[in-house]
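*Asks:* Below you will find the structure I want to go over with you.
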Amino acid sequence: MLDVIDDPNVQALRVEGAPGVGVDRDSVDFDIIGADESCLLAVQVKSKAPGGHIYAPDILEILISLIKNQEARSYQLMTNALPTEPAERMASFLRADIELDQLRDELSRLLSRHPSRLAQLESLSRDQLDRLMRCTVTFDRRDDIEIREALRERLRLYRNHAEAGLGQKSAGLLSGYLVSEMLRKAADESDAIFTTAELRSHVLIDGEKLALLGGRRDWGVVVGAMPQIPDVTRNALLRAICEALPRSGRSDVRRVVLVGPSGIGKSSLAAGYVADRADSYDWIFWMDGESEDSLLASYARTAASLNIGDNIVSNYALDSSRIRDVVHSELSRLTGRWAIVFDNVRDSREVEPWVPRVGNGDVLLTLIDETARHGPATVLQIGVMEPHEARELICRRLNIGQDEALRFDGELRRLAEGMSYWPLALELSTGYISTCGIRLEDVDDYLDRLRIRSLADADSLPPGYPRTLAAALFLCLDQLEARIQRNGVYDYRPHIAFGMITNSAYLASHQLPVHMVAAAFLADPSHTENFGPVFLDPSEFNLAEVVRELRRFSLVAFDEDLQRLGNVAVQYGDRTLAINSIIQDLIRVHGDFDENIASALNRLANHVERWLNTALNLNLLERASVVFNHAMVLAGHLLRLNIGGSNIPLFYGNLATACRAGGDTQRAEAFLQAELYLLQQSANSNELLTVQAELQLIDILFDTPTDASINTDTAAEFFEHIYRYAQSVKPIHPHAASKLAIDARVFLERPLAEQARLAKFREIYEKFSHLIAELGPSPYSRTVDALSRANELISNERFLGAEKLCRQALRSDYLAGSMELEARRVLVESLTRQHKWISAQEEFLNFKQKFGSTKLYPQIVRLFAHNVGHACALAALTEDSEEGARLLGDVLSLPLVCDVLEQSGRGVTSRLRLLASIRDLISGRIEQAETILLSISPGDLQDGRDVETQSWGMLWQMTRLALFRMASVVYLSELADQSN
């Protein structure tokens with residue numbers, strides 16, 4: 001088709017030949033239609049496995065079918081099969097310029113040993129023989145890789161001839177796109193035609209538009225936030241990557257490491273390779289390697305795209321080692337080829353465990369550390385641009401045409417040299433020149449200013465970076481600052497933009513929420529006035545124009561949008577930005593010594609805490625993971641600079657809650673102790689925050705005592721302080737006092753606190769109980785009490801009463817987070833125990849959809865699987881309940897439960913494994929069920945109350961008997977077959 005794309009005599013290509021009744025569409029794979037709508041060429045394609053042969057009789061049969069089903073000026077059989085000697089001779093006869101009778105005689109002699117084919121030949125009419133003379137056979141020995149490479153080169157040549165260019169912009173994306181369009185049209189007879197005009201529009205599509213094509217496709221799918229595809233080709237470097245990752249039949253994991261300083265173009269080069277070779281891969285995964293937390297979030301997104309677990313929320317339940325293992329395992333099983341880019345790697349040792357070692361894939365890493373060792377990987381040192389590449393980048397950014405480029409060749413070369421051919425410096429300088437309207441003839445004046453500024457900023461850069469890079473950045477910032485007051489008129493847009501870029505320097509470099517960093521510059525709202533994220537009013541602040549102020553200087557780029565925040569619909573509410581890490585470093589060099597840095601970071605901590613806390617409370621885990629990365633980076637800078645302030649303790653406290661919910665108790669402990677220290681040092685100490693921190697430390701002590709930094713003596717002091725504070729706020733805030741007392745008593749009622757409560761905390765327990773009674777019922781106490789009573793009713797087998805209490809609690813405005821999950825857990829269990837399977841399934845889906853098996857509440861999820869699974873298994877075994885069996889399978893598919901099923905141990909672990917054995921038994925997987933059951937003894941099921949242990953022991957016996965019965969049935973059936 002590319003051969004005739006510009007032929008005026010050709011109108012279209014038709015996939016699967018001409019439509020019509022009685023036409024064998026399998027005989028024609030495609031045909032070319034002329035401008036007069038006649039068929040110019042009909043083609044049949046036959047593919048064989050590598051090494052497969054094609055024989056002369058086969059060729060004749062294919063050609064006869066082709067000529068009988070389509071009238072055309074010429075016909076062609078294309079095949080990758082190896083021709084036998086007679087097949088080669090037949091093809092040569094068809095190519096030869098001989099008379100019709102001579103061709104028939106030659107073919108008759110060739111087919112003399114094949115009477116059926118000879119009969120077909122002799123049955124052809126004169127007209128059909130004439131068509132046969134117009135047939136040719138093409139033997140194409142190239143493999144798929146060679147064909148794809150040739151296609152890409154043809155596309156490059158055509159686009160370059162049309163001055164559309166291709167190179168790194170989208171070669172792989174374009175060839176993959178065209179192939180997918182062909183397959184789509186082949187599947188739809190009504191749309192099975194490709195006009196030359198349509199094909200031309202596809203082939204000449206703008207590279208950036210192609211790169212941004214949305215929708216579903218099954219080739220080159222990129223999972224993750226890939227940077228913008230570069231529009232300047234760095235051919236030598238791209239060729240080096242391609243040589244290190246050649247297209248071959250190998251199925252091992254190959255690795256290329258791109259090493260170089262920040263802003264040198266490593267990420268852009270990786271994006272260029274992905275776009276250039278997208279058609280070589282079935283999956284492409286872009287991982288943010290900046291930190292352990294960002295890697296975990298990237299892998300969770302990858303797990304969701306590979307359908308590991310039922311939805312993206314549930315995949316955030318897995319810890320880093322578990323999610324890493326399941327993704328690596330899935331990658332090793334994929335039959336298609338995949339590529340992974342680990343971008344912006346700060347510590348190669350930290351990322352090493354995340355790199356898969358088995359599978360049909362390629363891995364690229366971009367990092368700064370040139371001293372790291374990478375074993376057998378190909379390491380490419382990424383340096384500055386070639387002079388012609390730098391010149392091209394300048395021309396593109398400044399929209400300089402060919403004639404103007406020739407006229408100002410000297411100025412362009414001096415500008416490129418002045419920027420040391422450094423990509424980031426070139427981006428910053430051209431952004432400045434364009435924004436300030438500097439003419440090309442005045443470039444030398446700009447370079448003079450740059451040299452003066454670079455002397456002042458000589459100490460700002462790490463070794464190896466050009467001094468002009470810092471100078472170019474700060475000239476951009478100077479200009480941005482100057483735009484705030486122009487001709488005595490204040491402009492809020494550059495003012496907010498300046499604050500945003502400063503705030504961004506103290507956060508992670510990717511997915512910076514636009515509203516968060518903007519609002520943190522403008523406002524420091526009190527936590528007593530409002531809660532949740534602050535969104536700037538679009539009627540007052542046009543953030544699209546604010547961001548444009550930053551983008552005009554190439555200081556930021558748009559990044560992947562955040563997970564949607566409920567029904568909030570605010571301009572740029574979910575938009576995020578990316579910033580180069582060297583820009584962050586340079587801004588911090590000056591920002592760290594700014595006299596206002598403490599107040600600025602206090603405001604920033606206020607807003608980050610609001611965004612994190614809201615996402616966690618709503619269980620928007622993808623959103624929470626992004627903000628958590630920013631919170632951890634900000635916390636590191638706060639600790640480094642030893643900054644305190646009114647907002648920092650609350651920030652540390654809620655960050656501790658997030659760490660604690662994620663299972664990172666050590667981090668949680670550290671942040672809680674830092675919070676208490678700051679509160680003790682503060683002149684205006686916030687006693688509420690103090691008691692909340694003390695409660696969290698007590699929570700850790702009585703939940704995971706081996707991780708606790710306090711002992712029971714310290715806990716006793718904390719309890720007394722909490723009680724005194726609750727008494728002091730009782731007159732003004734009775735509900736707050738009641739909540740503190742209730743939470744304290746709940747901790748004291750935990751099983752791990754029972755011994756300490758009897759020995760040391762009896763008196764304080766009674767004090768809290770008396771205070772709760774004195775204050776009387778509150779909405780919070782009613783909710784907690786309803787959940788407590790519901791659990792008691794479940795234990796007493798009063799399931800309908802438990803159901804009613806849970807539904808009542810779920811209508812409460814005070815139910816959120818773990819309490820809501822607990823209410824939903826008990827509700828599903830009560831429905832299951834009543835065999836209300838339809839309602840149980842609905843509530844299970846609500847439970848799963850709202851929270852999934854999140855890592856925030858692993859104990860609740862495991863208890864859910866333990867109790868609900870037991871009820872389902874019992875119903876399935878004793879009553880042959882299909883609904884119970886189905887719900888059991890759904891419960892055991894929760895990722896956190898899957899995690900437990902792969903472990904060994906006593907108690908809850910063995911019980912969940914027993915449920916898995918029952919699930920396999922019901923599904924007919926007898927061997928798997930028996931293997932699991934044999935790994936469990938009745939003694940392994942002991943945990944908790946005797947009655948409960950007996951119930952699980954009975955379930956084990958029932959499973960064993962069921963397996964025996966099924967094995968007997970199989971055995972008797974085999975005997976019957978043998979006797980027959």
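By convention here, the chains of the structure tokens are called A, B, ... in the order presented, each chain's residues are numbered starting at 1, and ligands are numbered starting at 1 in the order presented.
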Can you list, as a VMD selection string, all residues belonging to segment 521-622 of chain A that DSSP tags as alpha helix (DSSP H)?
*Replies:* chain A and resid 521 to 522 543 to 551 581 to 591 597 to 617 621 to 622
*Asks:* When you look at segment 819-821 of chain A with a cut-off of 10 Å (counting only C-alpha atoms), what residues show up, excluding the ones that are within fewer than 4 positions of it in the same chain? I need them as a PyMOL selection string.
*Replies:* chain A and resi 783-784+787+806+809-810+812+814-815+825-827+847-848+850-852+857+860-861+864
*Asks:* For Thr138 of chain A, list every protein, DNA or RNA residue within 10 Å, evaluated using only C-alpha atoms, and leave out those in the same chain fewer than 3 positions away; present the list as a CSV table (one decimal) with all heavy atoms, in the first residue's frame.
*Replies:*
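Below you can see out04.csv, which holds the result:
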chain,number,residue,atom,x,y,z
A,45,VAL,N,-2.3,-14.1,1.2
A,45,VAL,CA,-1.1,-14.2,2.0
A,45,VAL,C,-1.2,-15.5,2.8
A,45,VAL,O,-2.2,-15.8,3.4
A,45,VAL,CB,-1.0,-13.0,3.0
A,45,VAL,CG1,0.2,-13.2,3.9
A,45,VAL,CG2,-1.0,-11.7,2.3
A,76,GLN,N,-1.6,-12.0,-6.9
A,76,GLN,CA,-0.3,-12.3,-6.2
A,76,GLN,C,-0.6,-13.2,-5.0
A,76,GLN,O,-1.5,-13.0,-4.2
A,76,GLN,CB,0.4,-11.0,-5.8
A,76,GLN,CG,1.8,-11.3,-5.3
A,76,GLN,CD,2.5,-10.0,-5.0
A,76,GLN,OE1,1.9,-8.9,-4.8
A,76,GLN,NE2,3.8,-10.0,-5.0
A,77,LEU,N,0.3,-14.2,-4.9
A,77,LEU,CA,0.4,-15.0,-3.6
A,77,LEU,C,1.6,-14.6,-2.9
A,77,LEU,O,2.7,-14.7,-3.5
A,77,LEU,CB,0.4,-16.5,-4.0
A,77,LEU,CG,0.8,-17.5,-2.8
A,77,LEU,CD1,-0.2,-17.4,-1.7
A,77,LEU,CD2,0.9,-18.9,-3.3
A,78,MET,N,1.5,-14.2,-1.7
A,78,MET,CA,2.7,-13.9,-0.8
A,78,MET,C,2.8,-14.9,0.3
A,78,MET,O,1.8,-15.2,1.0
A,78,MET,CB,2.5,-12.4,-0.3
A,78,MET,CG,2.3,-11.4,-1.3
A,78,MET,SD,2.1,-9.7,-0.6
A,78,MET,CE,3.6,-9.5,0.2
A,79,THR,N,4.0,-15.4,0.5
A,79,THR,CA,4.2,-16.4,1.6
A,79,THR,C,5.6,-16.3,2.1
A,79,THR,O,6.5,-15.9,1.4
A,79,THR,CB,3.9,-17.8,1.1
A,79,THR,OG1,4.1,-18.7,2.1
A,79,THR,CG2,4.9,-18.2,-0.1
A,80,ASN,N,5.7,-16.6,3.4
A,80,ASN,CA,7.0,-16.7,4.1
A,80,ASN,C,7.5,-18.1,4.1
A,80,ASN,O,8.6,-18.4,4.7
A,80,ASN,CB,6.9,-16.2,5.5
A,80,ASN,CG,6.1,-17.0,6.4
A,80,ASN,OD1,5.2,-17.8,5.9
A,80,ASN,ND2,6.2,-16.9,7.7
A,81,ALA,N,6.8,-19.1,3.5
A,81,ALA,CA,7.2,-20.5,3.5
A,81,ALA,C,8.4,-20.7,2.6
A,81,ALA,O,8.6,-20.0,1.6
A,81,ALA,CB,6.0,-21.4,3.1
A,88,GLU,N,9.4,-23.5,-6.7
A,88,GLU,CA,10.2,-22.5,-7.3
A,88,GLU,C,10.0,-22.5,-8.9
A,88,GLU,O,9.9,-21.4,-9.5
A,88,GLU,CB,11.7,-22.7,-7.0
A,88,GLU,CG,12.1,-22.4,-5.6
A,88,GLU,CD,12.5,-21.0,-5.4
A,88,GLU,OE1,12.1,-20.1,-6.3
A,88,GLU,OE2,13.3,-20.7,-4.5
A,91,ALA,N,6.7,-20.9,-9.8
A,91,ALA,CA,6.7,-19.4,-9.7
A,91,ALA,C,7.5,-18.8,-10.8
A,91,ALA,O,7.1,-17.8,-11.3
A,91,ALA,CB,7.4,-19.1,-8.3
A,141,ARG,N,11.3,-14.3,2.7
A,141,ARG,CA,12.0,-15.1,3.7
A,141,ARG,C,12.2,-14.3,5.0
A,141,ARG,O,12.7,-14.8,6.0
A,141,ARG,CB,13.4,-15.5,3.2
A,141,ARG,CG,13.4,-16.1,1.8
A,141,ARG,CD,12.8,-17.5,1.8
A,141,ARG,NE,12.6,-18.1,0.5
A,141,ARG,CZ,13.6,-18.7,-0.2
A,141,ARG,NH1,14.8,-18.7,0.3
A,141,ARG,NH2,13.4,-19.1,-1.4
*Asks:* Between atom CA of Ala519 of chain A and atom CA of Asn503 of chain A, measure the distance and give it in Å to one decimal.
*Replies:*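 Between atom CA of Ala519 of chain A and atom CA of Asn503 of chain A the gap is 10.2 Å.
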*Asks:* Residues at most 9 Å from Ala518 of chain A, counting only C-alpha atoms, excluding those fewer than 6 positions away in the same chain, as a list in words?
*Replies:*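 Here the qualifying residues turn out to be Ile496, Ala497, Gly499, Met500, Asn503, Phe535, Leu536 and Leu543 of chain A.
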*Asks:* Grab the residues selected above and save them as an mmCIF file, in the first residue's frame with N, CA, C and O atoms.
*Replies:*
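Contents of the output file result21.cif:
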data_model
loop_
_atom_site.group_PDB
_atom_site.id
_atom_site.type_symbol
_atom_site.label_atom_id
_atom_site.label_comp_id
_atom_site.auth_asym_id
_atom_site.auth_seq_id
_atom_site.Cartn_x
_atom_site.Cartn_y
_atom_site.Cartn_z
ATOM 1 N N ILE A 496 1.810 33.672 41.970
ATOM 2 C CA ILE A 496 1.485 32.321 42.418
ATOM 3 C C ILE A 496 2.445 31.312 41.792
ATOM 4 O O ILE A 496 2.888 30.358 42.445
ATOM 5 N N ALA A 497 2.783 31.522 40.520
ATOM 6 C CA ALA A 497 3.700 30.607 39.840
ATOM 7 C C ALA A 497 5.047 30.559 40.555
ATOM 8 O O ALA A 497 5.642 29.485 40.722
ATOM 9 N N GLY A 499 5.598 31.155 43.716
ATOM 10 C CA GLY A 499 5.416 30.406 44.955
ATOM 11 C C GLY A 499 5.289 28.914 44.707
ATOM 12 O O GLY A 499 5.797 28.092 45.489
ATOM 13 N N MET A 500 4.627 28.540 43.619
ATOM 14 C CA MET A 500 4.461 27.117 43.302
ATOM 15 C C MET A 500 5.791 26.446 43.030
ATOM 16 O O MET A 500 6.048 25.339 43.506
ATOM 17 N N ASN A 503 7.594 25.972 46.333
ATOM 18 C CA ASN A 503 7.029 24.862 47.104
ATOM 19 C C ASN A 503 7.399 23.518 46.507
ATOM 20 O O ASN A 503 7.688 22.558 47.237
ATOM 21 N N PHE A 535 -9.125 24.167 47.611
ATOM 22 C CA PHE A 535 -9.109 24.398 46.169
ATOM 23 C C PHE A 535 -9.343 25.883 45.921
ATOM 24 O O PHE A 535 -10.263 26.483 46.483
ATOM 25 N N LEU A 536 -8.487 26.456 45.101
ATOM 26 C CA LEU A 536 -8.613 27.874 44.796
ATOM 27 C C LEU A 536 -9.826 28.124 43.912
ATOM 28 O O LEU A 536 -10.122 27.351 42.998
ATOM 29 N N LEU A 543 -5.882 28.992 37.298
ATOM 30 C CA LEU A 543 -4.657 28.218 37.461
ATOM 31 C C LEU A 543 -4.080 27.749 36.128
ATOM 32 O O LEU A 543 -2.889 27.463 36.047
#
*Asks:* Give me, as an mmCIF file with N, CA and C atoms, in the first residue's frame, all polymer residues having an atom no more than 9 Å from Ala35 of chain A, counting only C-alpha atoms and skipping those fewer than 6 positions away in the same chain.
*Replies:*
data_model
loop_
_atom_site.group_PDB
_atom_site.id
_atom_site.type_symbol
_atom_site.label_atom_id
_atom_site.label_comp_id
_atom_site.auth_asym_id
_atom_site.auth_seq_id
_atom_site.Cartn_x
_atom_site.Cartn_y
_atom_site.Cartn_z
ATOM 1 N N PRO A 8 -1.954 8.337 -8.501
ATOM 2 C CA PRO A 8 -3.288 8.905 -8.773
ATOM 3 C C PRO A 8 -4.260 7.877 -9.341
ATOM 4 N N ASN A 9 -3.739 6.749 -9.847
ATOM 5 C CA ASN A 9 -4.609 5.724 -10.424
ATOM 6 C C ASN A 9 -5.153 4.758 -9.366
ATOM 7 N N VAL A 10 -4.699 4.932 -8.119
ATOM 8 C CA VAL A 10 -5.125 4.041 -7.041
ATOM 9 C C VAL A 10 -6.053 4.796 -6.107
ATOM 10 N N GLN A 11 -7.186 4.160 -5.755
ATOM 11 C CA GLN A 11 -8.155 4.801 -4.871
ATOM 12 C C GLN A 11 -8.087 4.278 -3.442
ATOM 13 N N ALA A 12 -7.945 2.941 -3.284
ATOM 14 C CA ALA A 12 -8.057 2.392 -1.929
ATOM 15 C C ALA A 12 -7.491 0.988 -1.854
#
*Asks:* To one decimal place in Å, what is the distance between atom CA of Thr714 of chain A and atom CA of Glu694 of chain A?
*Replies:*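 Atom-to-atom, atom CA of Thr714 of chain A and atom CA of Glu694 of chain A are spaced 9.5 Å apart.
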*Asks:* Considering only strand (DSSP E) as DSSP defines it on the backbone, what residues of segment 492-595 of chain A qualify? List them as a list in words.
*Replies:*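 So, restricting segment 492-595 of chain A to strand (DSSP E), we get Leu512, Pro513, Ala557, Phe558, Asp559, Thr576, Leu577 and Ala578 of chain A.
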*Asks:* Take the residues from that selection and write them out as a PDB file, in the first residue's frame, keeping C-alpha atoms.
*Replies:*
ATOM      1  CA  LEU A 512       2.709  17.589  42.063  1.00  0.00           C
ATOM      2  CA  PRO A 513      -0.986  18.527  42.573  1.00  0.00           C
ATOM      3  CA  ALA A 557       5.613  19.901  32.513  1.00  0.00           C
ATOM      4  CA  PHE A 558       2.201  18.337  32.928  1.00  0.00           C
ATOM      5  CA  ASP A 559       2.189  14.913  34.577  1.00  0.00           C
ATOM      6  CA  THR A 576      -0.384  17.506  38.370  1.00  0.00           C
ATOM      7  CA  LEU A 577       3.022  18.779  37.315  1.00  0.00           C
ATOM      8  CA  ALA A 578       6.510  17.316  36.997  1.00  0.00           C
TER       9      ALA A 578
END
